[in-house]
$ cat model15.pdb   # PDB, C-alpha atoms and all ligand atoms
ATOM      1  CA  MET E  29     -76.816  45.719  81.137
ATOM      2  CA  LYS E  30     -80.299  44.344  81.793
ATOM      3  CA  GLU E  31     -82.985  45.432  84.251
ATOM      4  CA  THR E  32     -85.075  42.444  85.302
ATOM      5  CA  THR E  33     -88.663  42.229  86.548
ATOM      6  CA  SER E  34     -87.347  41.794  90.092
ATOM      7  CA  GLY E  35     -85.707  45.238  89.978
ATOM      8  CA  LEU E  36     -82.242  43.706  89.810
ATOM      9  CA  ARG E  37     -79.703  44.842  87.258
ATOM     10  CA  ILE E  38     -77.628  42.105  85.609
ATOM     11  CA  THR E  39     -74.237  42.936  84.083
ATOM     12  CA  PRO E  40     -71.378  40.814  82.808
ATOM     13  CA  TYR E  41     -68.573  40.533  85.344
ATOM     14  CA  LYS E  42     -65.681  42.896  84.615
ATOM     15  CA  ARG E  43     -62.239  43.046  86.163
ATOM     16  CA  ARG E  44     -63.118  46.458  87.653
ATOM     17  CA  TYR E  45     -65.818  44.701  89.745
ATOM     18  CA  ARG E  46     -63.245  42.444  91.367
ATOM     19  CA  GLN E  47     -63.285  44.179  94.761
ATOM     20  CA  VAL E  48     -67.100  44.303  95.089
ATOM     21  CA  THR E  49     -67.246  40.709  93.872
ATOM     22  CA  ASN E  50     -64.694  39.693  96.503
ATOM     23  CA  ASP E  51     -66.882  41.431  99.100
ATOM     24  CA  LEU E  52     -69.920  39.526  97.839
ATOM     25  CA  LEU E  53     -68.016  36.245  98.038
ATOM     26  CA  PHE E  54     -66.721  37.076 101.508
ATOM     27  CA  PHE E  55     -70.112  37.943 102.962
ATOM     28  CA  SER E  56     -72.438  35.614 101.038
ATOM     29  CA  ARG E  57     -73.636  32.640 103.018
ATOM     30  CA  LEU E  58     -74.910  30.770  99.983
ATOM     31  CA  GLN E  59     -72.125  29.718  97.650
ATOM     32  CA  HIS E  60     -71.769  27.047  95.044
ATOM     33  CA  ILE E  61     -68.150  26.880  93.905
ATOM     34  CA  HIS E  62     -67.004  24.061  91.673
ATOM     35  CA  LEU E  63     -63.510  24.779  90.415
ATOM     36  CA  ASP E  64     -61.219  21.831  89.907
ATOM     37  CA  TRP E  65     -57.896  23.461  89.259
ATOM     38  CA  GLN E  66     -58.290  27.196  89.207
ATOM     39  CA  ASN E  67     -58.115  29.896  91.793
ATOM     40  CA  LEU E  68     -61.513  31.655  91.833
ATOM     41  CA  GLU E  69     -60.229  35.229  91.531
ATOM     42  CA  GLN E  70     -57.893  34.452  88.647
ATOM     43  CA  TRP E  71     -60.507  32.326  86.930
ATOM     44  CA  LEU E  72     -63.123  35.114  87.054
ATOM     45  CA  ASP E  73     -60.688  37.464  85.327
ATOM     46  CA  GLU E  74     -59.989  35.067  82.458
ATOM     47  CA  PRO E  75     -61.591  36.137  79.162
ATOM     48  CA  SER E  76     -62.973  32.608  78.629
ATOM     49  CA  THR E  77     -65.070  32.729  81.829
ATOM     50  CA  PHE E  78     -68.763  33.482  81.407
ATOM     51  CA  ALA E  79     -69.691  35.475  84.528
ATOM     52  CA  TRP E  80     -72.503  37.813  85.500
ATOM     53  CA  LEU E  81     -73.395  39.917  88.526
ATOM     54  CA  ALA E  82     -76.844  40.815  89.866
ATOM     55  CA  TRP E  83     -76.928  44.320  91.356
ATOM     56  CA  ARG E  84     -79.301  46.049  93.698
ATOM     57  CA  GLY E  85     -78.328  49.688  93.337
ATOM     58  CA  ASN E  86     -74.540  49.805  93.491
ATOM     59  CA  THR E  87     -74.167  46.569  95.401
ATOM     60  CA  PRO E  88     -73.807  43.145  93.813
ATOM     61  CA  VAL E  89     -76.207  40.738  95.523
ATOM     62  CA  GLY E  90     -75.554  37.689  93.375
ATOM     63  CA  ALA E  91     -73.116  36.135  90.933
ATOM     64  CA  MET E  92     -73.270  33.279  88.467
ATOM     65  CA  ALA E  93     -70.443  31.968  86.287
ATOM     66  CA  THR E  94     -70.022  29.022  83.956
ATOM     67  CA  SER E  95     -67.115  27.322  82.260
ATOM     68  CA  GLU E  96     -66.467  28.151  78.623
ATOM     69  CA  PRO E  97     -68.721  25.766  76.667
ATOM     70  CA  LEU E  98     -66.892  22.790  75.185
ATOM     71  CA  ASN E  99     -68.727  20.585  72.687
ATOM     72  CA  HIS E 100     -71.986  22.463  73.419
ATOM     73  CA  THR E 101     -71.721  21.774  77.142
ATOM     74  CA  CYS E 102     -70.695  23.756  80.197
ATOM     75  CA  TRP E 103     -70.677  23.652  83.998
ATOM     76  CA  ILE E 104     -72.080  26.171  86.424
ATOM     77  CA  ARG E 105     -68.939  26.847  88.427
ATOM     78  CA  LEU E 106     -70.121  29.667  90.656
ATOM     79  CA  ILE E 107     -73.345  30.823  92.276
ATOM     80  CA  ALA E 108     -73.022  33.269  95.163
ATOM     81  CA  LEU E 109     -75.985  34.950  96.837
ATOM     82  CA  HIS E 110     -75.923  37.780  99.290
ATOM     83  CA  GLU E 111     -79.577  37.321 100.060
ATOM     84  CA  ASN E 112     -81.509  34.142 100.425
ATOM     85  CA  ARG E 113     -83.659  34.790  97.378
ATOM     86  CA  GLN E 114     -84.599  32.582  94.458
ATOM     87  CA  ALA E 115     -85.407  35.775  92.482
ATOM     88  CA  ILE E 116     -81.681  36.599  92.229
ATOM     89  CA  VAL E 117     -80.856  33.199  90.737
ATOM     90  CA  ALA E 118     -83.846  33.451  88.390
ATOM     91  CA  ALA E 119     -82.821  36.964  87.254
ATOM     92  CA  LEU E 120     -79.248  35.838  86.578
ATOM     93  CA  TRP E 121     -80.449  32.736  84.753
ATOM     94  CA  GLN E 122     -82.721  34.852  82.523
ATOM     95  CA  VAL E 123     -79.576  36.562  81.183
ATOM     96  CA  VAL E 124     -77.240  33.558  81.280
ATOM     97  CA  VAL E 125     -79.443  31.344  79.085
ATOM     98  CA  PRO E 126     -79.512  33.589  75.972
ATOM     99  CA  ALA E 127     -75.774  34.252  76.355
ATOM    100  CA  LEU E 128     -75.036  30.517  76.443
ATOM    101  CA  ARG E 129     -77.437  29.797  73.580
ATOM    102  CA  ALA E 130     -75.641  32.462  71.527
ATOM    103  CA  VAL E 131     -72.476  30.345  71.669
ATOM    104  CA  ASP E 132     -74.418  27.186  70.780
ATOM    105  CA  THR E 133     -74.569  25.651  74.261
ATOM    106  CA  HIS E 134     -77.038  22.790  74.474
ATOM    107  CA  THR E 135     -76.601  21.486  78.005
ATOM    108  CA  VAL E 136     -75.586  22.995  81.337
ATOM    109  CA  TYR E 137     -74.443  20.834  84.263
ATOM    110  CA  LEU E 138     -74.090  21.501  87.961
ATOM    111  CA  LEU E 139     -72.254  19.336  90.499
ATOM    112  CA  ALA E 140     -74.230  19.799  93.704
ATOM    113  CA  THR E 141     -71.411  20.047  96.232
ATOM    114  CA  HIS E 142     -73.949  21.489  98.745
ATOM    115  CA  ASP E 143     -77.640  20.678  99.047
ATOM    116  CA  TRP E 144     -78.703  24.307  99.461
ATOM    117  CA  VAL E 145     -78.387  24.914  95.729
ATOM    118  CA  LEU E 146     -80.945  22.309  94.643
ATOM    119  CA  PRO E 147     -84.161  24.212  95.579
ATOM    120  CA  TYR E 148     -82.703  27.174  93.664
ATOM    121  CA  ILE E 149     -81.904  25.379  90.409
ATOM    122  CA  GLU E 150     -84.878  23.005  90.268
ATOM    123  CA  PRO E 151     -87.365  25.826  89.473
ATOM    124  CA  LEU E 152     -85.082  26.823  86.563
ATOM    125  CA  GLY E 153     -85.709  23.403  85.000
ATOM    126  CA  PHE E 154     -82.604  21.514  86.143
ATOM    127  CA  ALA E 155     -83.155  17.804  86.756
ATOM    128  CA  TYR E 156     -81.105  15.091  88.431
ATOM    129  CA  ASP E 157     -78.713  13.353  86.041
ATOM    130  CA  GLU E 158     -76.530  10.943  88.025
ATOM    131  CA  HIS E 159     -74.205  10.597  90.995
ATOM    132  CA  ILE E 160     -70.440  10.961  91.121
ATOM    133  CA  VAL E 161     -69.019   8.348  93.461
ATOM    134  CA  THR E 162     -65.837   8.609  95.486
ATOM    135  CA  MET E 163     -63.568   5.616  95.972
ATOM    136  CA  PHE E 164     -60.686   5.411  98.412
ATOM    137  CA  ARG E 165     -57.692   3.161  98.778
ATOM    138  CA  THR E 166     -55.494   2.682 101.821
ATOM    139  CA  ARG E 167     -52.042   1.132 102.059
ATOM    140  CA  GLN E 168     -51.717  -2.221 100.326
ATOM    141  CA  ARG E 169     -49.487  -4.006  97.868
ATOM    142  CA  VAL E 170     -49.429  -2.621  94.336
ATOM    143  CA  VAL E 171     -49.348  -5.145  91.505
ATOM    144  CA  SER E 172     -47.052  -4.026  88.661
ATOM    145  CA  VAL E 173     -48.476  -4.089  85.137
ATOM    146  CA  ASP E 174     -46.093  -4.133  82.193
ATOM    147  CA  ILE E 175     -47.187  -3.926  78.587
ATOM    148  CA  GLU E 176     -44.810  -4.818  75.823
ATOM    149  CA  ASP E 177     -43.572  -1.860  73.738
ATOM    150  CA  MET E 178     -45.329   0.639  75.993
ATOM    151  CA  ILE E 179     -43.517   3.204  78.077
ATOM    152  CA  ILE E 180     -44.899   5.372  80.841
ATOM    153  CA  ARG E 181     -43.145   8.702  81.299
ATOM    154  CA  VAL E 182     -43.643  12.024  83.004
ATOM    155  CA  VAL E 183     -45.556  14.509  80.887
ATOM    156  CA  SER E 184     -44.010  17.544  79.212
ATOM    157  CA  LEU E 185     -45.903  20.592  77.964
ATOM    158  CA  ASN E 186     -45.228  19.376  74.395
ATOM    159  CA  ASP E 187     -47.628  16.494  75.106
ATOM    160  CA  VAL E 188     -50.660  18.674  75.808
ATOM    161  CA  ALA E 189     -52.179  18.507  72.308
ATOM    162  CA  SER E 190     -51.939  14.679  72.259
ATOM    163  CA  MET E 191     -53.374  14.496  75.771
ATOM    164  CA  VAL E 192     -56.332  16.695  74.810
ATOM    165  CA  MET E 193     -56.981  14.374  71.865
ATOM    166  CA  VAL E 194     -56.901  11.283  74.135
ATOM    167  CA  ASP E 195     -59.012  13.047  76.766
ATOM    168  CA  ASN E 196     -61.666  14.304  74.363
ATOM    169  CA  THR E 197     -62.055  10.951  72.627
ATOM    170  CA  ALA E 198     -62.074   8.916  75.875
ATOM    171  CA  PHE E 199     -64.521  11.148  77.779
ATOM    172  CA  LEU E 200     -67.934  12.349  76.682
ATOM    173  CA  PRO E 201     -69.194  15.855  77.463
ATOM    174  CA  PRO E 202     -69.355  17.278  80.105
ATOM    175  CA  TRP E 203     -66.297  15.402  81.386
ATOM    176  CA  GLN E 204     -63.822  16.482  78.698
ATOM    177  CA  LEU E 205     -61.108  19.013  79.465
ATOM    178  CA  ALA E 206     -60.225  21.972  77.263
ATOM    179  CA  ASP E 207     -56.603  22.682  76.380
ATOM    180  CA  ASP E 208     -56.225  25.509  78.924
ATOM    181  CA  GLU E 209     -57.897  23.443  81.690
ATOM    182  CA  LEU E 210     -55.500  20.580  81.057
ATOM    183  CA  ARG E 211     -52.498  22.933  81.131
ATOM    184  CA  GLN E 212     -53.674  24.350  84.448
ATOM    185  CA  ALA E 213     -54.251  20.816  85.780
ATOM    186  CA  ILE E 214     -50.697  19.827  84.789
ATOM    187  CA  ARG E 215     -49.332  22.887  86.624
ATOM    188  CA  ILE E 216     -50.869  21.817  89.918
ATOM    189  CA  ALA E 217     -50.474  18.048  89.479
ATOM    190  CA  ALA E 218     -48.281  16.063  91.856
ATOM    191  CA  ALA E 219     -47.872  13.323  89.222
ATOM    192  CA  CYS E 220     -48.888  13.427  85.591
ATOM    193  CA  THR E 221     -47.744  10.611  83.321
ATOM    194  CA  ILE E 222     -48.479   9.462  79.811
ATOM    195  CA  ALA E 223     -48.484   6.030  78.218
ATOM    196  CA  GLU E 224     -46.755   5.926  74.859
ATOM    197  CA  ILE E 225     -46.570   3.242  72.170
ATOM    198  CA  ASP E 226     -44.311   3.797  69.149
ATOM    199  CA  GLY E 227     -44.045   7.489  70.042
ATOM    200  CA  ALA E 228     -47.837   7.989  70.147
ATOM    201  CA  VAL E 229     -49.684   8.977  73.318
ATOM    202  CA  VAL E 230     -52.329   6.331  74.087
ATOM    203  CA  GLY E 231     -53.303   7.290  77.637
ATOM    204  CA  TYR E 232     -52.591   9.589  80.539
ATOM    205  CA  GLN E 233     -53.230  10.001  84.229
ATOM    206  CA  LEU E 234     -53.095  13.127  86.357
ATOM    207  CA  SER E 235     -52.998  13.043  90.152
ATOM    208  CA  THR E 236     -52.913  15.705  92.816
ATOM    209  CA  GLN E 237     -51.691  15.499  96.382
ATOM    210  CA  TYR E 238     -53.176  17.018  99.507
ATOM    211  CA  GLN E 239     -51.191  16.508 102.702
ATOM    212  CA  ASN E 240     -50.571  12.750 102.945
ATOM    213  CA  SER E 241     -53.085  11.606 100.392
ATOM    214  CA  ALA E 242     -53.144  11.472  96.614
ATOM    215  CA  HIS E 243     -56.153  12.011  94.374
ATOM    216  CA  LEU E 244     -56.398  10.456  90.918
ATOM    217  CA  ALA E 245     -58.057  13.341  89.091
ATOM    218  CA  ARG E 246     -57.917  12.039  85.499
ATOM    219  CA  LEU E 247     -57.343   8.664  83.847
ATOM    220  CA  ALA E 248     -58.008   8.238  80.141
ATOM    221  CA  VAL E 249     -57.051   5.728  77.478
ATOM    222  CA  LEU E 250     -57.624   6.132  73.756
ATOM    223  CA  PRO E 251     -60.866   4.193  72.996
ATOM    224  CA  SER E 252     -59.201   2.065  70.298
ATOM    225  CA  MET E 253     -56.576   0.991  72.860
ATOM    226  CA  GLN E 254     -58.860   0.255  75.802
ATOM    227  CA  GLY E 255     -59.124  -3.225  77.291
ATOM    228  CA  ARG E 256     -55.380  -4.005  76.904
ATOM    229  CA  GLY E 257     -54.327  -3.117  80.417
ATOM    230  CA  ILE E 258     -53.102   0.426  79.670
ATOM    231  CA  GLY E 259     -55.399   1.981  82.302
ATOM    232  CA  ALA E 260     -54.199  -0.603  84.824
ATOM    233  CA  ALA E 261     -50.538   0.080  83.926
ATOM    234  CA  LEU E 262     -50.941   3.856  84.377
ATOM    235  CA  LEU E 263     -52.699   3.325  87.707
ATOM    236  CA  SER E 264     -50.165   0.816  88.983
ATOM    237  CA  ASP E 265     -47.302   3.098  87.965
ATOM    238  CA  VAL E 266     -48.687   6.192  89.684
ATOM    239  CA  LEU E 267     -49.477   4.266  92.882
ATOM    240  CA  GLN E 268     -45.836   3.186  92.962
ATOM    241  CA  ARG E 269     -44.642   6.758  92.307
ATOM    242  CA  PHE E 270     -46.621   7.925  95.354
ATOM    243  CA  GLU E 271     -45.380   4.981  97.436
ATOM    244  CA  ARG E 272     -41.831   6.158  96.770
ATOM    245  CA  ARG E 273     -42.860   9.468  98.344
ATOM    246  CA  SER E 274     -44.419   7.594 101.298
ATOM    247  CA  ILE E 275     -47.949   8.423 100.152
ATOM    248  CA  TYR E 276     -50.075   5.307 100.533
ATOM    249  CA  THR E 277     -53.664   6.535 100.254
ATOM    250  CA  MET E 278     -55.482   7.666  97.136
ATOM    251  CA  SER E 279     -58.999   8.791  96.289
ATOM    252  CA  VAL E 280     -60.763   8.953  92.941
ATOM    253  CA  ASN E 281     -64.139  10.144  91.651
ATOM    254  CA  THR E 282     -66.041   8.578  88.801
ATOM    255  CA  GLN E 283     -69.597   8.501  87.504
ATOM    256  CA  MET E 284     -71.901   5.939  89.083
ATOM    257  CA  SER E 285     -72.649   4.663  85.547
ATOM    258  CA  ASN E 286     -68.946   4.230  84.693
ATOM    259  CA  GLU E 287     -68.728   0.585  85.685
ATOM    260  CA  ARG E 288     -65.572  -0.134  83.724
ATOM    261  CA  SER E 289     -63.534   2.416  85.646
ATOM    262  CA  GLN E 290     -65.006   1.256  88.970
ATOM    263  CA  GLN E 291     -64.056  -2.320  88.111
ATOM    264  CA  LEU E 292     -60.477  -1.196  87.507
ATOM    265  CA  TYR E 293     -60.335   0.816  90.737
ATOM    266  CA  TYR E 294     -61.899  -2.060  92.676
ATOM    267  CA  ARG E 295     -59.202  -4.430  91.410
ATOM    268  CA  PHE E 296     -56.574  -2.037  92.777
ATOM    269  CA  GLY E 297     -58.183  -2.004  96.208
ATOM    270  CA  PHE E 298     -60.311   1.141  95.961
ATOM    271  CA  ARG E 299     -63.659   1.005  97.780
ATOM    272  CA  ARG E 300     -66.558   3.427  97.779
ATOM    273  CA  ASN E 301     -66.510   5.637 100.864
ATOM    274  CA  GLY E 302     -69.994   7.133 100.600
ATOM    275  CA  TYR E 303     -68.912  10.652  99.625
ATOM    276  CA  ASP E 304     -71.098  10.742  96.537
ATOM    277  CA  LEU E 305     -72.357  13.931  94.884
ATOM    278  CA  PRO E 306     -75.312  14.422  92.538
ATOM    279  CA  VAL E 307     -74.950  16.005  89.112
ATOM    280  CA  TRP E 308     -77.912  17.996  87.801
ATOM    281  CA  LYS E 309     -78.420  19.179  84.254
ATOM    282  CA  ILE E 310     -80.655  21.180  81.962
ATOM    283  CA  ASN E 311     -81.038  21.117  78.189
ATOM    284  CA  LEU E 312     -81.356  24.639  76.854
TER     285      LEU E 312
HETATM  286  C1  LIG U   1     -61.447   3.566  82.471
HETATM  287  C2  LIG U   1     -60.291   3.453  81.480
HETATM  288  C3  LIG U   1     -59.212   4.463  81.820
HETATM  289  C4  LIG U   1     -59.716   2.042  81.594
HETATM  290  O1  LIG U   1     -58.612   1.944  80.693
HETATM  291  P1  LIG U   1     -58.257   0.553  79.961
HETATM  292  O2  LIG U   1     -56.926   0.704  79.344
HETATM  293  O3  LIG U   1     -59.376   0.109  79.112
HETATM  294  O4  LIG U   1     -58.155  -0.359  81.258
HETATM  295  P2  LIG U   1     -57.733  -1.869  81.316
HETATM  296  O5  LIG U   1     -57.482  -2.432  79.963
HETATM  297  O6  LIG U   1     -56.641  -1.892  82.315
HETATM  298  O7  LIG U   1     -59.077  -2.536  81.857
HETATM  299  C5  LIG U   1     -59.730  -2.102  82.998
HETATM  300  C6  LIG U   1     -60.942  -2.940  83.221
HETATM  301  O8  LIG U   1     -61.960  -2.625  82.276
HETATM  302  C7  LIG U   1     -62.350  -3.827  81.573
HETATM  303  N1  LIG U   1     -62.565  -3.508  80.172
HETATM  304  C8  LIG U   1     -61.676  -2.939  79.374
HETATM  305  N2  LIG U   1     -62.201  -2.812  78.143
HETATM  306  C9  LIG U   1     -63.448  -3.292  78.199
HETATM  307  C10 LIG U   1     -64.509  -3.377  77.264
HETATM  308  N3  LIG U   1     -64.351  -2.991  75.990
HETATM  309  N4  LIG U   1     -65.680  -3.876  77.690
HETATM  310  C11 LIG U   1     -65.840  -4.266  78.975
HETATM  311  N5  LIG U   1     -64.875  -4.194  79.900
HETATM  312  C12 LIG U   1     -63.686  -3.719  79.513
HETATM  313  C13 LIG U   1     -61.198  -4.746  81.700
HETATM  314  O9  LIG U   1     -61.647  -6.094  81.651
HETATM  315  C14 LIG U   1     -60.645  -4.423  83.043
HETATM  316  O10 LIG U   1     -61.368  -5.107  84.033
HETATM  317  P3  LIG U   1     -60.543  -5.958  85.108
HETATM  318  O11 LIG U   1     -59.819  -4.909  85.900
HETATM  319  O12 LIG U   1     -61.577  -6.671  85.896
HETATM  320  O13 LIG U   1     -59.642  -6.825  84.297
HETATM  321  C15 LIG U   1     -60.765   3.648  80.007
HETATM  322  O14 LIG U   1     -61.843   2.784  79.780
HETATM  323  C16 LIG U   1     -61.162   5.061  79.678
HETATM  324  O15 LIG U   1     -60.349   5.880  79.268
HETATM  325  N6  LIG U   1     -62.469   5.361  79.842
HETATM  326  C17 LIG U   1     -62.986   6.702  79.551
HETATM  327  C18 LIG U   1     -62.506   7.699  80.557
HETATM  328  C19 LIG U   1     -62.854   7.266  81.968
HETATM  329  O16 LIG U   1     -63.953   6.800  82.215
HETATM  330  N7  LIG U   1     -61.892   7.435  82.892
HETATM  331  C20 LIG U   1     -62.051   7.022  84.269
HETATM  332  C21 LIG U   1     -62.997   7.829  85.029
HETATM  333  S1  LIG U   1     -62.178   9.089  85.908
END
$ encode --input "model15.pdb" --output "structure tokens" --more "lines below"
Ligand SMILES: CC(C)(COP(=O)(O)OP(=O)(O)OC[C@H]1O[C@@H](n2cnc3c(N)ncnc32)[C@H](O)[C@@H]1OP(=O)(O)O)[C@@H](O)C(=O)NCCC(=O)NCCS
Amino acid sequence: MKETTSGLRITPYKRRYRQVTNDLLFFSRLQHIHLDWQNLEQWLDEPSTFAWLAWRGNTPVGAMATSEPLNHTCWIRLIALHENRQAIVAALWQVVVPALRAVDTHTVYLLATHDWVLPYIEPLGFAYDEHIVTMFRTRQRVVSVDIEDMIIRVVSLNDVASMVMVDNTAFLPPWQLADDELRQAIRIAAACTIAEIDGAVVGYQLSTQYQNSAHLARLAVLPSMQGRGIGAALLSDVLQRFERRSIYTMSVNTQMSNERSQQLYYRFGFRRNGYDLPVWKINL
């Protein structure tokens, strides 16, 4: 427990604070929540979550939580403020930084899903990194891509270790997924397939579905196997899987700087739709 100069008390989140935290989340007007696969309540209770509460007396007035650092990098996944005060964020941050440094975290990222958060994190030293762009595809013909000796099949939980290996070599931090994140993603996926050559996993895609639209959440190919059409084959295959379910639209997010993936999506008829979000970061 830590008393800060602003008179706030900062404590790690504990399961026994769940109800008061739920109240804070229900009543707070200022919330940054960036969870891809998890349910917030369950995620807060996981031992791997790094979460803290700011208290005024017996009432929590702020919360901050990050993902478990992976390769020295983590995301701020939650900021909730009961009061419109920078001092709460600053007091939380004062405790979060040493805790993250203690587990050898070098960089913290935040996906600014709402603008309100930027004037709060900028004084902490966060700076703009790059934009995430959204691309969207409506109904159109899908070109099949076949690669000799390669099969595409639906994932099984036995594939997770190979998928993590492909994922963590294809993506750089902070875009890599940890084993438990990938398992959770598979649980909620509408279509998750892997590309296999001679029994070895060389790529995977994971897509979700919301109402009548699909979202390509992950696409990764082993770096040594890139440029041979494997990404295109996985994409073509999943588009056809969704077509068979009468789902003809798909969205995807990628970094503005990731031109190779945008080129692939463009070839399959995806176009940017303007729903771009900035990523901010800080080196600790
Ligand atoms: C994006 C990715 C999945 C593409 O997989 P891939 O198997 O290399 O894809 P393909 O071989 O089908 O090629 C896709 C395009 O990239 C181009 N490309 C592939 N390798 C390239 C290289 N080494 N240099 C330049 N361009 C290359 C291809 O020419 C192709 O362009 P085209 O569609 O105009 O022909 C793969 O590069 C990857 O895993 N990247 C890291 C993870 C990532 O960024 N995922 C997508 C963001 S969500």
$ closest_residue --input "model15.pdb" --among "E:Gln168, E:Val161, E:Gly302, E:Ser184" --to "ligand LIG 1 (chain U)" --atoms "all atoms listed in the file"
E:Val161
$ closest_atom_pairs --input "model15.pdb" --of "chain E" --to "ligand LIG 1 (chain U)" --cutoff "6 Å" --atoms "only C-alpha atoms and all ligand atoms" --output "tab-separated table"
residue	atom	partner	partner_atom	distance
E:Ala198	CA	U:LIG1	C17	4.4
E:Phe199	CA	U:LIG1	C18	4.9
E:Arg246	CA	U:LIG1	S1	5.2
E:Leu247	CA	U:LIG1	N7	4.8
E:Ala248	CA	U:LIG1	O15	3.4
E:Val249	CA	U:LIG1	O15	3.8
E:Gln254	CA	U:LIG1	O3	3.4
E:Gly255	CA	U:LIG1	N2	3.2
E:Arg256	CA	U:LIG1	O5	4.0
E:Gly257	CA	U:LIG1	O6	3.2
E:Ile258	CA	U:LIG1	O2	3.8
E:Gly259	CA	U:LIG1	O2	3.6
E:Ala260	CA	U:LIG1	O6	3.7
E:Thr282	CA	U:LIG1	S1	4.9
E:Arg288	CA	U:LIG1	O8	4.6
E:Ser289	CA	U:LIG1	C1	4.0
E:Gln291	CA	U:LIG1	O11	5.4
E:Leu292	CA	U:LIG1	O11	4.1
E:Arg295	CA	U:LIG1	O11	5.6
$ residues_near_point --input "model15.pdb" --point "(-43.8, -5.3, 73.8)" --cutoff "12 Å" --atoms "all atoms listed in the file" --output "MDAnalysis selection string"
chainID E and resid 174:179 224:226
$ closest_residue --input "model15.pdb" --among "E:Leu267, E:Leu312, E:Ala189, E:Trp71" --to "Trp121 in chain E" --atoms "all atoms listed in the file"
E:Leu312
$ resolve_selection --input "model15.pdb" --expression "the PyMOL selection byres (((chain E and resi 98) around 12) and not hetatm)" --output "PDB file with C-alpha atoms, in the coordinates of the input"
ATOM      1  CA  SER E  76     -62.973  32.608  78.629  1.00  0.00           C
ATOM      2  CA  THR E  94     -70.022  29.022  83.956  1.00  0.00           C
ATOM      3  CA  SER E  95     -67.115  27.322  82.260  1.00  0.00           C
ATOM      4  CA  GLU E  96     -66.467  28.151  78.623  1.00  0.00           C
ATOM      5  CA  PRO E  97     -68.721  25.766  76.667  1.00  0.00           C
ATOM      6  CA  ASN E  99     -68.727  20.585  72.687  1.00  0.00           C
ATOM      7  CA  HIS E 100     -71.986  22.463  73.419  1.00  0.00           C
ATOM      8  CA  THR E 101     -71.721  21.774  77.142  1.00  0.00           C
ATOM      9  CA  CYS E 102     -70.695  23.756  80.197  1.00  0.00           C
ATOM     10  CA  TRP E 103     -70.677  23.652  83.998  1.00  0.00           C
ATOM     11  CA  LEU E 128     -75.036  30.517  76.443  1.00  0.00           C
ATOM     12  CA  VAL E 131     -72.476  30.345  71.669  1.00  0.00           C
ATOM     13  CA  ASP E 132     -74.418  27.186  70.780  1.00  0.00           C
ATOM     14  CA  THR E 133     -74.569  25.651  74.261  1.00  0.00           C
ATOM     15  CA  HIS E 134     -77.038  22.790  74.474  1.00  0.00           C
ATOM     16  CA  THR E 135     -76.601  21.486  78.005  1.00  0.00           C
ATOM     17  CA  VAL E 136     -75.586  22.995  81.337  1.00  0.00           C
ATOM     18  CA  TYR E 137     -74.443  20.834  84.263  1.00  0.00           C
ATOM     19  CA  ASN E 196     -61.666  14.304  74.363  1.00  0.00           C
ATOM     20  CA  LEU E 200     -67.934  12.349  76.682  1.00  0.00           C
ATOM     21  CA  PRO E 201     -69.194  15.855  77.463  1.00  0.00           C
ATOM     22  CA  PRO E 202     -69.355  17.278  80.105  1.00  0.00           C
ATOM     23  CA  TRP E 203     -66.297  15.402  81.386  1.00  0.00           C
ATOM     24  CA  GLN E 204     -63.822  16.482  78.698  1.00  0.00           C
ATOM     25  CA  LEU E 205     -61.108  19.013  79.465  1.00  0.00           C
ATOM     26  CA  ALA E 206     -60.225  21.972  77.263  1.00  0.00           C
ATOM     27  CA  ASP E 207     -56.603  22.682  76.380  1.00  0.00           C
ATOM     28  CA  ASP E 208     -56.225  25.509  78.924  1.00  0.00           C
ATOM     29  CA  GLU E 209     -57.897  23.443  81.690  1.00  0.00           C
TER      30      GLU E 209
END
$ closest_residue --input "model15.pdb" --among "E:Met193, E:Ala218, E:Val171, E:Val229" --to "Leu263 in chain E" --atoms "all atoms listed in the file"
E:Val171
$ residues_around --input "model15.pdb" --residues "range 35-42 of chain E" --least-positions-apart "6" --cutoff "6 Å" --atoms "all atoms listed in the file" --output "PyMOL selection string"
chain E and resi 29+79-84
$ write_last_selection --input "model15.pdb" --atoms "C-alpha atoms" --output "short mmCIF file (atom, residue, chain, number, x, y, z; two decimals), keeping the file's coordinate frame"
data_model
loop_
_atom_site.label_atom_id
_atom_site.label_comp_id
_atom_site.auth_asym_id
_atom_site.auth_seq_id
_atom_site.Cartn_x
_atom_site.Cartn_y
_atom_site.Cartn_z
CA MET E 29 -76.82 45.72 81.14
CA ALA E 79 -69.69 35.48 84.53
CA TRP E 80 -72.50 37.81 85.50
CA LEU E 81 -73.40 39.92 88.53
CA ALA E 82 -76.84 40.82 89.87
CA TRP E 83 -76.93 44.32 91.36
CA ARG E 84 -79.30 46.05 93.70
#
$ resolve_selection --input "model15.pdb" --expression "the PyMOL selection byres (((chain E and resi 170) around 9) and not hetatm)" --output "list in words"
Arg167, Gln168, Arg169, Val171, Ser172, Ser264, Asp265, Leu267, Gln268, Phe296 and Gly297 of chain E
$ write_last_selection --input "model15.pdb" --atoms "C-alpha atoms" --output "JSON list (two decimals), in the frame of the given file"
[["chain", "number", "residue", "atom", "x", "y", "z"],
["E", 167, "ARG", "CA", -52.04, 1.13, 102.06],
["E", 168, "GLN", "CA", -51.72, -2.22, 100.33],
["E", 169, "ARG", "CA", -49.49, -4.01, 97.87],
["E", 171, "VAL", "CA", -49.35, -5.14, 91.50],
["E", 172, "SER", "CA", -47.05, -4.03, 88.66],
["E", 264, "SER", "CA", -50.16, 0.82, 88.98],
["E", 265, "ASP", "CA", -47.30, 3.10, 87.96],
["E", 267, "LEU", "CA", -49.48, 4.27, 92.88],
["E", 268, "GLN", "CA", -45.84, 3.19, 92.96],
["E", 296, "PHE", "CA", -56.57, -2.04, 92.78],
["E", 297, "GLY", "CA", -58.18, -2.00, 96.21]]
